[in-house]
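Visitor: What follows is query_7.txt, made up of compact mmCIF, C-alpha atoms:
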# COMPACT_ATOMS: atom_id res chain seq x y z
CA MET A 291 0.00 0.00 0.00
CA THR A 292 1.25 3.40 -0.83
CA VAL A 293 0.07 6.83 0.03
CA GLN A 294 -0.17 7.77 -3.60
CA THR A 295 -2.91 5.33 -4.51
CA GLN A 296 -4.98 6.39 -1.56
CA ARG A 297 -5.00 10.08 -2.16
CA ARG A 298 -8.35 11.56 -2.75
CA GLY A 299 -9.43 13.86 -5.53
CA GLY A 300 -8.34 17.44 -5.36
CA GLY A 301 -5.12 16.45 -3.65
CA GLY A 302 -6.90 16.30 -0.31
CA TYR A 303 -6.60 13.51 2.20
CA LEU A 304 -9.82 14.46 3.90
CA GLU A 305 -12.77 12.87 2.12
CA ARG A 306 -15.45 15.44 1.51
CA PRO A 307 -18.49 13.61 0.12
CA ALA A 308 -21.94 15.10 -0.11
CA PRO A 309 -24.26 13.08 2.12
CA SER A 310 -26.27 11.95 -0.88
CA GLY A 311 -26.26 8.21 -0.49
CA LEU A 312 -29.17 6.58 1.24
CA ALA A 313 -26.99 5.00 3.91
CA ASP A 314 -25.50 8.36 4.84
CA VAL A 315 -28.87 10.06 4.86
CA ILE A 316 -30.45 7.36 7.01
CA GLU A 317 -27.71 7.68 9.58
CA ILE A 318 -27.87 11.42 9.57
CA ILE A 319 -31.60 11.99 9.82
CA LEU A 320 -33.28 8.97 11.28
CA ASP A 321 -34.56 9.34 14.81
CA LYS A 322 -33.36 12.93 14.87
CA GLY A 323 -35.24 16.15 15.40
CA ILE A 324 -38.24 17.29 17.33
CA VAL A 325 -40.62 14.47 18.11
CA ILE A 326 -44.31 15.12 17.70
CA ASP A 327 -46.52 12.94 19.82
CA ALA A 328 -47.28 9.81 17.83
CA TYR A 329 -50.92 9.96 18.86
CA VAL A 330 -51.55 13.27 17.19
CA ARG A 331 -49.49 12.95 14.08
CA VAL A 332 -50.53 10.99 11.07
CA SER A 333 -47.91 8.38 10.45
CA LEU A 334 -47.54 7.54 6.85
CA VAL A 335 -43.89 7.19 6.09
CA GLY A 336 -40.78 6.04 7.74
CA ILE A 337 -42.13 3.25 9.85
CA GLU A 338 -40.37 0.49 7.97
CA LEU A 339 -37.23 2.51 7.89
CA LEU A 340 -37.07 2.57 11.63
CA THR A 341 -36.31 -1.11 11.56
CA ILE A 342 -33.19 -0.57 9.49
CA ASP A 343 -30.36 -0.76 11.92
CA ALA A 344 -26.91 -1.08 10.52
CA ARG A 345 -25.30 -1.03 13.90
CA ILE A 346 -23.58 -4.20 14.89
CA VAL A 347 -23.88 -5.66 18.31
CA ILE A 348 -20.33 -6.02 19.31
CA ALA A 349 -20.52 -8.66 22.02
CA SER A 350 -21.94 -11.56 20.13
CA VAL A 351 -20.46 -14.85 19.02
CA ASP A 352 -21.31 -14.05 15.41
CA THR A 353 -19.38 -10.84 15.62
CA TYR A 354 -16.43 -12.59 17.22
CA LEU A 355 -16.41 -15.14 14.44
CA ARG A 356 -16.45 -12.36 11.91
CA PHE A 357 -13.50 -10.69 13.62
CA ALA A 358 -11.65 -14.01 13.72
CA GLU A 359 -12.32 -14.58 10.05
CA ALA A 360 -11.08 -11.12 9.15
CA THR A 361 -7.96 -11.69 11.20
CA ASN A 362 -7.28 -15.03 9.57
CA ARG A 363 -7.90 -13.69 6.09
CA LEU A 364 -5.32 -11.07 6.72
CA ASP A 365 -2.06 -10.92 4.85
CA LEU A 366 -0.17 -9.36 7.66
CA VAL A 367 1.18 -5.94 7.07
CA GLU A 368 4.34 -6.57 9.01
CA GLN A 369 4.58 -4.62 12.23
CA GLY A 370 1.45 -2.76 11.38
CA GLY A 371 1.36 -0.16 8.70
CA GLY A 372 0.99 3.05 10.50
CA LYS A 373 2.44 5.15 13.16
CA PRO A 374 0.36 5.34 16.30
CA LEU A 375 -1.81 8.39 16.36
CA ASP A 376 -0.15 9.90 19.39
CA GLU A 377 3.23 9.71 17.69
CA PHE A 378 1.87 11.38 14.62
CA ILE A 379 0.40 14.14 16.68
CA GLY A 380 3.74 14.54 18.42
CA ASP A 381 5.35 14.88 14.99
CA LEU A 382 2.75 17.40 13.98
CA GLN A 383 3.74 19.62 16.83
CA GLU A 384 7.42 19.18 16.16
CA SER A 385 7.23 19.94 12.46
CA GLY A 386 4.96 22.89 12.87
CA ALA A 387 2.73 21.45 10.18
CA GLY A 388 0.05 21.18 12.77
CA ARG A 389 0.15 24.69 14.03
CA LYS A 390 -3.58 24.83 13.59
CA VAL A 391 -4.16 21.92 15.89
CA LYS A 392 -1.34 22.48 18.29
CA GLY A 393 -3.30 23.84 21.16
CA ALA A 394 -5.80 21.08 20.97
CA VAL A 395 -3.25 18.39 20.61
CA SER A 396 -1.16 19.18 23.62
CA GLY A 397 -4.15 18.35 25.77
CA ALA A 398 -4.41 14.99 24.09
CA LYS A 399 -0.80 14.22 24.80
CA LYS A 400 -1.15 15.03 28.43
CA ALA A 401 -4.11 12.73 28.67
CA LEU A 402 -2.25 9.97 26.92
CA THR A 403 0.96 10.04 28.84
CA PRO A 404 0.31 9.63 32.54
CA GLY A 405 2.45 12.10 34.34
CA GLY A 406 3.19 13.81 31.06
CA GLY A 407 6.89 13.79 31.91
CA ASP A 408 9.70 14.88 29.67
CA ASP A 409 10.76 11.30 29.03
CA ASP A 410 7.46 10.52 27.43
CA GLU A 411 7.74 13.68 25.44
CA GLU A 412 11.14 12.65 24.21
CA SER A 413 10.15 9.18 23.11
CA GLU A 414 7.17 10.47 21.22
CA ARG A 415 9.32 12.85 19.30
CA ARG A 416 11.70 10.20 18.19
CA PRO A 417 9.75 7.40 16.61
CA ALA A 418 12.80 6.59 14.49
CA LYS A 419 12.56 2.84 14.80
CA LYS A 420 8.92 2.65 13.91
CA ALA A 421 9.33 5.09 11.09
CA SER A 422 11.97 3.00 9.38
CA ARG A 423 9.94 -0.16 9.78
CA ARG A 424 7.01 1.60 8.33
CA LYS A 425 8.90 2.47 5.21
CA SER A 426 9.70 -1.16 4.54
CA THR A 427 6.02 -1.95 4.20
CA ALA A 428 5.31 0.56 1.48
CA MET B 20 -58.77 30.21 15.18
CA SER B 21 -58.64 30.22 11.43
CA ARG B 22 -58.54 26.67 10.34
CA MET B 23 -57.30 26.79 6.80
CA ALA B 24 -58.90 23.97 4.90
CA GLU B 25 -56.72 21.89 2.65
CA PRO B 26 -57.85 22.08 -0.96
CA ALA B 27 -60.23 19.23 -1.69
CA ARG B 28 -58.90 16.63 -4.06
CA VAL B 29 -60.32 13.49 -5.51
CA ASP B 30 -58.58 10.38 -6.73
CA SER B 31 -59.20 8.56 -9.99
CA ASP B 32 -62.31 6.93 -8.56
CA GLY B 33 -63.74 10.26 -7.55
CA LEU B 34 -63.20 9.62 -3.86
CA ALA B 35 -61.94 12.35 -1.60
CA VAL B 36 -58.21 12.12 -0.90
CA GLU B 37 -57.16 12.83 2.61
CA GLN B 38 -54.39 15.37 2.86
CA GLY B 39 -52.14 16.43 5.63
CA LEU B 40 -49.15 18.63 6.29
CA PHE B 41 -45.73 17.07 6.23
CA VAL B 42 -43.52 18.96 8.67
CA TYR B 43 -39.81 19.50 7.99
CA GLY B 44 -38.67 21.84 10.68
CA VAL B 45 -39.14 25.04 12.63
CA ILE B 46 -37.70 28.41 11.62
CA ASP B 47 -38.00 32.06 12.65
CA ALA B 48 -41.45 33.42 11.91
CA MET B 49 -39.95 36.23 9.84
CA ALA B 50 -37.53 34.03 7.90
CA ASP B 51 -37.92 33.63 4.17
CA LEU B 52 -38.08 30.22 2.59
CA PRO B 53 -35.72 29.55 -0.28
CA GLU B 54 -38.02 29.86 -3.27
CA TRP B 55 -36.40 27.26 -5.48
CA VAL B 56 -36.72 24.50 -2.93
CA VAL B 57 -39.52 21.95 -2.93
CA GLY B 58 -40.39 19.16 -0.54
CA LEU B 59 -41.68 15.62 -0.83
CA ASP B 60 -43.53 14.97 -4.09
CA ASP B 61 -42.06 18.26 -5.37
CA ALA B 62 -44.65 20.17 -3.36
CA PRO B 63 -43.89 23.85 -2.71
CA LEU B 64 -42.78 24.75 0.81
CA ARG B 65 -44.83 27.03 2.95
CA LYS B 66 -44.80 28.37 6.48
CA VAL B 67 -47.28 27.92 9.29
CA VAL B 68 -46.59 30.86 11.58
CA HIS B 69 -47.24 31.08 15.31
CA GLU B 70 -45.92 34.11 17.16
CA ARG B 71 -42.11 34.12 16.79
CA VAL B 72 -41.73 30.73 15.09
CA ALA B 73 -42.96 29.00 11.96
CA ALA B 74 -43.17 25.42 10.79
CA VAL B 75 -41.94 24.55 7.30
CA VAL B 76 -44.52 22.26 5.71
CA THR B 77 -45.77 20.85 2.44
CA THR B 78 -49.16 19.43 1.65
CA ILE B 79 -49.09 15.69 1.30
CA THR B 80 -51.56 12.98 0.39
CA VAL B 81 -51.90 10.78 3.40
CA GLU B 82 -52.75 7.64 1.45
CA ARG B 83 -49.85 7.98 -0.94
CA PRO B 84 -47.59 5.04 -1.52
CA PRO B 85 -44.57 5.56 0.69
CA GLY B 86 -41.63 5.88 -1.69
CA ARG B 87 -39.24 5.76 1.14
CA ARG B 88 -35.83 6.21 -0.42
CA VAL B 89 -36.77 9.24 -2.46
CA ASP B 90 -38.70 10.71 0.47
CA LEU B 91 -35.74 10.50 2.81
CA LEU B 92 -33.47 12.13 0.28
CA ALA B 93 -36.05 14.86 -0.42
CA PHE B 94 -36.48 15.49 3.29
CA SER B 95 -32.79 15.95 3.96
CA GLY B 96 -32.30 17.98 0.78
CA THR B 97 -35.12 20.30 1.73
CA LEU B 98 -33.94 20.79 5.29
CA ASP B 99 -30.34 21.36 4.25
CA ALA B 100 -31.49 24.01 1.78
CA VAL B 101 -33.62 25.73 4.41
CA ALA B 102 -30.67 25.61 6.81
CA GLU B 103 -28.52 27.45 4.29
CA VAL B 104 -30.61 30.59 4.58
CA GLY B 105 -31.22 30.63 8.32
CA PRO B 106 -31.52 28.55 11.48
CA VAL B 107 -33.86 25.58 11.36
CA ILE B 108 -34.77 22.98 13.94
CA PRO B 109 -35.43 19.68 12.19
CA VAL B 110 -38.59 17.75 13.02
CA GLN B 111 -38.39 13.99 13.03
CA PHE B 112 -38.79 12.48 9.60
CA GLY B 113 -42.29 11.22 8.83
CA SER B 114 -44.22 13.70 10.96
CA VAL B 115 -47.54 14.57 9.34
CA LEU B 116 -50.21 16.66 11.03
CA ALA B 117 -53.78 17.04 9.92
CA ASP B 118 -53.84 20.76 9.17
CA GLU B 119 -52.48 24.15 10.18
CA THR B 120 -54.33 24.09 13.47
CA GLY B 121 -52.69 20.79 14.26
CA VAL B 122 -49.25 22.17 13.42
CA ILE B 123 -49.77 25.14 15.71
CA GLU B 124 -51.33 23.22 18.56
CA GLU B 125 -49.20 20.13 18.52
CA LEU B 126 -45.86 21.54 17.47
CA LEU B 127 -45.52 25.29 17.87
CA ALA B 128 -47.71 26.75 20.59
CA ALA B 129 -46.81 24.65 23.60
CA ARG B 130 -43.05 24.96 23.18
CA GLU B 131 -42.68 28.32 21.51
CA PRO B 132 -40.21 29.73 24.06
CA GLU B 133 -37.97 26.67 23.83
CA LEU B 134 -38.09 26.76 20.05
CA VAL B 135 -37.04 30.41 20.04
CA ALA B 136 -34.14 29.63 22.37
CA THR B 137 -33.03 26.67 20.28
CA LEU B 138 -33.17 28.75 17.09
CA ASP B 139 -31.02 31.40 18.74
CA GLY B 140 -28.47 28.75 19.63
CA LEU B 141 -28.35 27.56 16.03
CA ARG B 142 -27.98 30.96 14.41
CA GLY B 143 -24.86 31.17 12.25
CA ARG B 144 -24.04 27.55 12.92
CA ALA B 145 -24.27 24.34 10.96
CA GLN B 146 -23.90 20.66 11.58
CA PHE B 147 -21.04 18.64 10.21
CA THR B 148 -20.61 14.92 10.47
CA VAL B 149 -17.13 13.52 10.84
CA GLN B 150 -16.40 9.85 10.33
CA ALA B 151 -13.12 8.08 10.90
CA ARG B 152 -12.48 4.52 9.94
CA TYR B 153 -9.49 2.27 10.21
CA LEU B 154 -7.87 0.58 7.30
CA GLU B 155 -8.90 -2.88 8.37
CA GLN B 156 -5.75 -4.65 7.21
CA VAL B 157 -3.46 -2.24 8.93
CA VAL B 158 -5.23 -2.13 12.24
CA LEU B 159 -5.69 -5.90 12.40
CA SER B 160 -2.00 -6.28 11.69
CA GLU B 161 -1.22 -3.96 14.57
CA ILE B 162 -3.40 -6.05 16.82
CA VAL B 163 -1.85 -9.36 15.79
CA ALA B 164 1.62 -7.90 16.19
CA SER B 165 0.85 -6.52 19.63
CA SER B 166 -0.47 -9.70 21.21
CA PRO B 167 1.36 -13.03 21.25
CA GLN B 168 -1.86 -14.69 22.36
CA ILE B 169 -3.77 -13.38 19.35
CA ALA B 170 -0.94 -14.27 17.02
CA GLU B 171 -0.87 -17.83 18.39
CA LEU B 172 -4.65 -18.30 18.09
CA ARG B 173 -4.51 -16.97 14.59
CA ARG B 174 -1.70 -19.34 13.64
CA ARG B 175 -3.63 -22.25 15.13
CA THR B 176 -6.98 -21.54 13.48
CA ARG B 177 -6.22 -20.12 10.08
CA GLU B 178 -5.01 -23.37 8.51
CA LEU B 179 -7.96 -25.37 9.79
CA PRO B 180 -11.29 -25.72 7.97
CA GLU B 181 -13.88 -23.23 9.10
CA ASP B 182 -15.96 -25.72 11.04
CA MET B 183 -13.05 -26.73 13.25
CA ALA B 184 -11.56 -25.14 16.31
CA TYR B 185 -14.78 -23.26 16.97
CA GLY B 186 -13.80 -22.36 20.52
CA ASP B 187 -10.45 -21.02 19.43
CA ARG B 188 -12.08 -18.95 16.74
CA VAL B 189 -14.56 -17.39 19.13
CA ARG B 190 -11.75 -16.68 21.56
CA LEU B 191 -9.64 -15.14 18.82
CA GLY B 192 -12.49 -12.95 17.67
CA GLU B 193 -13.24 -11.90 21.21
CA LEU B 194 -9.65 -10.92 21.87
CA VAL B 195 -9.44 -9.03 18.59
CA ALA B 196 -12.70 -7.26 19.31
CA ARG B 197 -11.49 -6.24 22.73
CA ALA B 198 -8.14 -5.03 21.42
CA MET B 199 -10.01 -3.09 18.78
CA GLU B 200 -12.19 -1.44 21.39
CA GLU B 201 -9.17 -0.35 23.39
CA LYS B 202 -7.46 1.01 20.31
CA ARG B 203 -10.64 2.75 19.26
CA ALA B 204 -11.13 4.43 22.60
CA ILE B 205 -7.62 5.87 22.57
CA ASP B 206 -7.60 6.93 18.94
CA ALA B 207 -11.11 8.40 19.08
CA ASP B 208 -10.10 10.59 22.02
CA LEU B 209 -7.05 11.79 20.17
CA LEU B 210 -9.08 12.68 17.10
CA LEU B 211 -11.67 14.45 19.22
CA ASP B 212 -9.00 16.49 20.94
CA VAL B 213 -8.10 17.90 17.55
CA ILE B 214 -11.66 18.33 16.33
CA LEU B 215 -13.61 19.63 19.30
CA PRO B 216 -11.91 23.01 19.71
CA PHE B 217 -13.59 23.99 16.45
CA THR B 218 -17.07 23.08 17.64
CA VAL B 219 -19.67 24.62 19.92
CA ALA B 220 -21.36 21.28 20.61
CA HIS B 221 -20.99 17.69 19.57
CA VAL B 222 -22.71 14.35 19.73
CA ILE B 223 -20.74 11.13 19.56
CA ARG B 224 -22.55 8.37 17.79
CA PRO B 225 -21.91 4.73 18.52
CA ALA B 226 -19.28 3.49 16.11
CA SER B 227 -18.91 -0.24 16.18
CA GLY B 228 -18.00 -2.89 13.69
CA LEU B 229 -14.66 -3.82 12.37
CA GLU B 230 -13.27 -0.67 10.88
CA ARG B 231 -15.31 2.15 12.32
CA LEU B 232 -13.32 4.37 14.59
CA LEU B 233 -15.36 7.47 15.27
CA GLU B 234 -18.56 9.06 14.22
CA ALA B 235 -19.56 12.42 15.57
CA SER B 236 -21.95 15.21 14.75
CA LEU B 237 -20.47 18.64 15.24
CA LEU B 238 -22.16 21.98 15.62
CA VAL B 239 -19.81 24.55 14.13
CA ASP B 240 -19.85 28.31 13.72
CA ILE B 241 -20.05 28.82 9.96
CA GLY B 242 -17.17 31.27 10.23
CA ARG B 243 -14.91 28.48 11.45
CA GLN B 244 -15.71 25.97 8.74
CA GLN B 245 -12.47 26.55 6.86
CA GLU B 246 -10.39 26.28 10.01
CA LEU B 247 -12.05 22.97 10.80
CA GLU B 248 -11.46 21.72 7.27
CA ARG B 249 -7.81 22.70 7.33
CA ALA B 250 -7.23 21.02 10.68
CA LEU B 251 -8.94 17.86 9.50
CA GLU B 252 -6.99 17.89 6.25
CA THR B 253 -3.73 18.06 8.18
CA LEU B 254 -4.93 15.32 10.49
CA ALA B 255 -6.13 13.15 7.61
CA GLU B 256 -2.79 13.43 5.85
CA GLY B 257 -0.92 12.52 9.00
CA VAL B 258 -2.94 9.38 9.71
CA VAL B 259 -3.39 8.24 6.12
CA ASP B 260 -1.37 5.07 6.77
CA ARG B 261 -4.05 3.64 8.99
CA ILE B 262 -7.11 5.89 9.17
CA ARG B 263 -9.49 7.53 6.70
CA LEU B 264 -11.37 10.69 7.63
CA ARG B 265 -14.59 11.93 6.05
CA LEU B 266 -16.35 15.18 6.68
CA MET B 267 -19.91 15.81 5.57
CA GLY B 268 -21.75 19.08 5.76
CA PRO B 269 -22.71 21.79 6.27
CA MET B 270 -26.15 20.32 6.83
CA ALA B 271 -29.24 21.02 8.91
CA PRO B 272 -28.59 20.51 12.64
CA TYR B 273 -30.32 17.14 12.97
CA ASP B 274 -28.47 16.28 16.14
CA PHE B 275 -28.96 19.65 17.78
CA ALA B 276 -32.72 20.02 17.79
CA GLY B 277 -32.69 20.72 21.51
CA ASP B 278 -35.15 19.39 24.02
CA ALA B 279 -38.05 21.36 22.66
Could you quickly redo this structure as C-alpha cells?

Guide:
Amino acid sequence: MTVQTQRRGGGGYLERPAPSGLADVIEIILDKGIVIDAYVRVSLVGIELLTIDARIVIASVDTYLRFAEATNRLDLVEQGGGKPLDEFIGDLQESGAGRKVKGAVSGAKKALTPGGGDDDEESERRPAKKASRRKSTA
Amino acid sequence: MSRMAEPARVDSDGLAVEQGLFVYGVIDAMADLPEWVVGLDDAPLRKVVHERVAAVVTTITVERPPGRRVDLLAFSGTLDAVAEVGPVIPVQFGSVLADETGVIEELLAAREPELVATLDGLRGRAQFTVQARYLEQVVLSEIVASSPQIAELRRRTRELPEDMAYGDRVRLGELVARAMEEKRAIDADLLLDVILPFTVAHVIRPASGLERLLEASLLVDIGRQQELERALETLAEGVVDRIRLRLMGPMAPYDFAGDA
C-alpha cells in the first residue's frame, strides 16, 4: 500500500463527500429532530425505515467469528502499517505542520501520557525505529 | 382560530383524498423560505406561523404510496437548503399533522419559548458529520503484532477448515474485538482532541464494527468551517497510513434540535 494510490481527488486527504447516499442520509436523519406525539401525528412514512439498523452488536459470538475470520484472512502488514496516532500528533507539533491543531493536541498528549513527563515527550518525538519499519512496508 | 382547509382533491375513482401537512422543521417566523426549494412529491414549501416561530410544511396525500428512499433524500435535501438561509430545527422524519391548526397546537404553541431559544443557539451555525475509519488490514496487523496470544490463536486456526476449532475462533475474535475497542477508545479521544476546539457542541454516535473508529456530529460556527477543514486535512494526511477521515456538511442541525 502506498500513500499515492490512496490520495483523494483534489489532492486532499480528507474525504469530503456530499451526504447523498441513502446510507448516509439514514444515519444522519433517522430518529433525529423534534418528536411530535405519535398519537396526534398521522404516520404515513418512515415506519419500515425505523427497523433498518446497521449497527452491529459487538458482544456476540457471530461478531467474534467475523472478527476471527477477518484476522485469519489477513495478509499481515508486518509490524502494522501506521504510526500510532499519538506519535503522529507529536510529529505534527514538532514539524509545525500542525500549528492549527497544536493547542488542541497538547491536551491529548497530556491525557495519553500519565504524568506527562519529559521522558514521554522525548520518546514520542523520536519514533525513528517505527518510522523505518514503516517504510519497509510501502 | 382560522382553520385553513386543505384544498379538496379526488382520486381517480372520484373519492376524496385525505391530505395532511408534512412537517420539515421550525424556523424564525420572519424568515424567508428559499423559493427554489420543494419538498416531498415536489410540493412547494410554505410556512405555518405562530408568534415568533414558523413550521416549514408541504401538503401531502396521506394515502400515498410511501416511496421511502426518495422521500428520505427529499427530506434531507429540503432541510439542508432551508438551513442554508437561516436557522432551522429539524422535526423527526415522517411527521404529518392534519392541518395548520394541528401544526400550531401540537408543534408550535406549547413549546414556543424553547423553540425560540433553540433557534437562537443555532444561528450562524451548521452541523457537520465527521467519520473516521481504520484501514482494516493495517489495524488488524497492529493487533496481531501486539499480542502473542492473538498471534498464536490466529496461527492455530487459520489453517484449519472453518468448522473446526470453533472455541479457538470465538476466543480469537473476542480478543481481537477487545483489542479493537481499546485502540478505538484511545484513537477516538485523540481525534476528538483535535476536532472539538472547532465546535460549539458535539454528539458522539456509537461506532462499532470492524473498521469504524469514530462518528460524531459537530455543531460549528459557519465562520470556522475553513479552520475545521484545514485542521482535519492536516490530520487526515498525517494518519493516512491507517485511518481515513470523512467530513460531511454543512447540513441542517439534525443532532442539535434541543429538548423542545

Visitor: Between B:Val222, B:Val122, B:Val163, B:Val110, which has the minimum distance to chain A (counting only C-alpha atoms)?

Guide: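 Counting only C-alpha atoms, the residue closest to chain A is B:Val110.
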
Visitor: How close does range 82-198 of chain B get to range 40-43 of chain B? List, as CSV, each residue of range 82-198 of chain B within 8 Å, its nearest atom pair and the distance in Å to one decimal, counting all atoms listed in the file.

Guide:
residue,atom,partner,partner_atom,distance
B:Phe94,CA,B:Tyr43,CA,7.0
B:Thr97,CA,B:Tyr43,CA,7.9
B:Leu98,CA,B:Tyr43,CA,6.6
B:Pro109,CA,B:Tyr43,CA,6.1
B:Val110,CA,B:Tyr43,CA,5.5
B:Gln111,CA,B:Tyr43,CA,7.6
B:Phe112,CA,B:Tyr43,CA,7.3
B:Gly113,CA,B:Phe41,CA,7.3
B:Ser114,CA,B:Val42,CA,5.8
B:Val115,CA,B:Phe41,CA,4.4
B:Leu116,CA,B:Leu40,CA,5.2
B:Ala117,CA,B:Leu40,CA,6.1
B:Asp118,CA,B:Leu40,CA,5.9
B:Glu119,CA,B:Leu40,CA,7.5
B:Val122,CA,B:Leu40,CA,8.0

Visitor: Within 6 Å of chain A, which residues of chain B show up? Give each one with its shortest atom-to-atom distance in Å (one decimal) and the two atoms involved, counting only C-alpha atoms, rows by chain then rising residue number, as a tab-separated table.

Guide:
residue	atom	partner	partner_atom	distance
B:Pro85	CA	A:Val335	CA	5.7
B:Pro109	CA	A:Gly323	CA	4.8
B:Val110	CA	A:Ile324	CA	4.3
B:Gln111	CA	A:Gly323	CA	4.5
B:Gly113	CA	A:Val335	CA	5.1
B:Val115	CA	A:Val332	CA	5.0
B:Leu116	CA	A:Arg331	CA	4.9
B:Val157	CA	A:Gly371	CA	5.3
B:Ser160	CA	A:Gly370	CA	4.9
B:Glu161	CA	A:Gly370	CA	4.3
B:Ala164	CA	A:Gln369	CA	5.9
B:Arg177	CA	A:Asn362	CA	5.2
B:Arg188	CA	A:Ala358	CA	5.8
B:Val189	CA	A:Tyr354	CA	5.5
B:Leu191	CA	A:Ala358	CA	5.6
B:Gly192	CA	A:Tyr354	CA	4.0
B:Glu193	CA	A:Tyr354	CA	5.2
B:Leu209	CA	A:Ala398	CA	5.7
B:Asp212	CA	A:Ala394	CA	5.6
B:Val213	CA	A:Ala394	CA	5.2
B:Gly228	CA	A:Ile346	CA	5.9
B:Glu252	CA	A:Leu304	CA	5.0
B:Ala255	CA	A:Leu304	CA	5.4
B:Glu256	CA	A:Tyr303	CA	5.3
B:Asp260	CA	A:Gly372	CA	4.9
B:Arg261	CA	A:Gly372	CA	5.3
B:Leu264	CA	A:Leu304	CA	5.5
B:Arg265	CA	A:Glu305	CA	4.4
B:Leu266	CA	A:Arg306	CA	5.3
B:Tyr273	CA	A:Lys322	CA	5.5
B:Ala276	CA	A:Gly323	CA	5.2

Visitor: Starting from the point (-52.4, 14.3, -2.7), work out which residues of protein, DNA or RNA have an atom no more than 8 Å away when counting all atoms listed in the file; state them as an NGL selection string.

Guide: :B and (28 or 36-38 or 78-83)

Visitor: Near Arg175 in chain B, within 9 Å and counting only C-alpha atoms, which residues show up once chain neighbours fewer than 4 positions away are dropped, as number ranges by chain?

Guide: B: 170-171, 179, 184, 187

Visitor: Can you list, as a PyMOL selection string, every protein, DNA or RNA residue that comes within 6 Å of Phe147 in chain B when you count all atoms listed in the file, leaving out same-chain residues fewer than 3 positions away?

Guide: chain B and resi 236-237+267-269

Visitor: Do you know which residues are at most 9 Å from range 238-246 of chain B counting all atoms listed in the file, after dropping those on the same chain fewer than 4 positions away, and could you put them as a PyMOL selection string?

Guide: (chain A and resi 390) or (chain B and resi 141-148+217-222+250-251+269+272+274-275)

Visitor: Kindly indicate which residue among B:Arg87, B:Glu54, B:Gly39, B:Ile108 lies nearest to Ala74 in chain B, using only C-alpha atoms for the distances.

Guide: B:Ile108

Visitor: For CA of Val72 in chain B and CA of Leu127 in chain B, quote the distance in Å rounded to one decimal.

Guide: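 These atoms are spaced 7.2 Å apart.
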
Visitor: Kindly give the distance, in Å, that separates CA of Pro106 in chain B and CA of Ala151 in chain B, rounded to a single decimal.

Guide: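 Separation of CA of Pro106 in chain B and CA of Ala151 in chain B: 27.5 Å.
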
Visitor: Could you check how far CA of Tyr185 in chain B sits from CA of Leu172 in chain B, in Å to one decimal?

Guide: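 Atom-to-atom, CA of Tyr185 in chain B to CA of Leu172 in chain B, that is 11.3 Å.
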
Visitor: Between B:Leu232, B:Leu126, B:Ile162, B:Leu211, single out the one closest to Val67 in chain B, counting only C-alpha atoms.

Guide: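 Smallest distance to Val67 in chain B is found for B:Leu126.
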
Visitor: Report as a PyMOL selection string all protein, DNA and RNA residues lying within 8 Å of Val104 in chain B, evaluated on all atoms listed in the file, omitting residues in the same chain fewer than 5 positions from it.

Guide: chain B and resi 51-53

Visitor: Can I get the selected residues back with C-alpha atoms, as a short mmCIF file (atom, residue, chain, number, x, y, z; two decimals), in the frame of the given file?

Guide:
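File written: out.cif
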data_model
loop_
_atom_site.label_atom_id
_atom_site.label_comp_id
_atom_site.auth_asym_id
_atom_site.auth_seq_id
_atom_site.Cartn_x
_atom_site.Cartn_y
_atom_site.Cartn_z
CA ASP B 51 -37.92 33.63 4.17
CA LEU B 52 -38.08 30.22 2.59
CA PRO B 53 -35.72 29.55 -0.28
#

Visitor: Smallest atom-to-atom distance to Pro225 in chain B: which of B:Ala204, B:Leu210, B:Val259, B:Ala102, using only C-alpha atoms?

Guide: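 Nearest candidate to Pro225 in chain B out of B:Ala204, B:Leu210, B:Val259, B:Ala102: B:Ala204.
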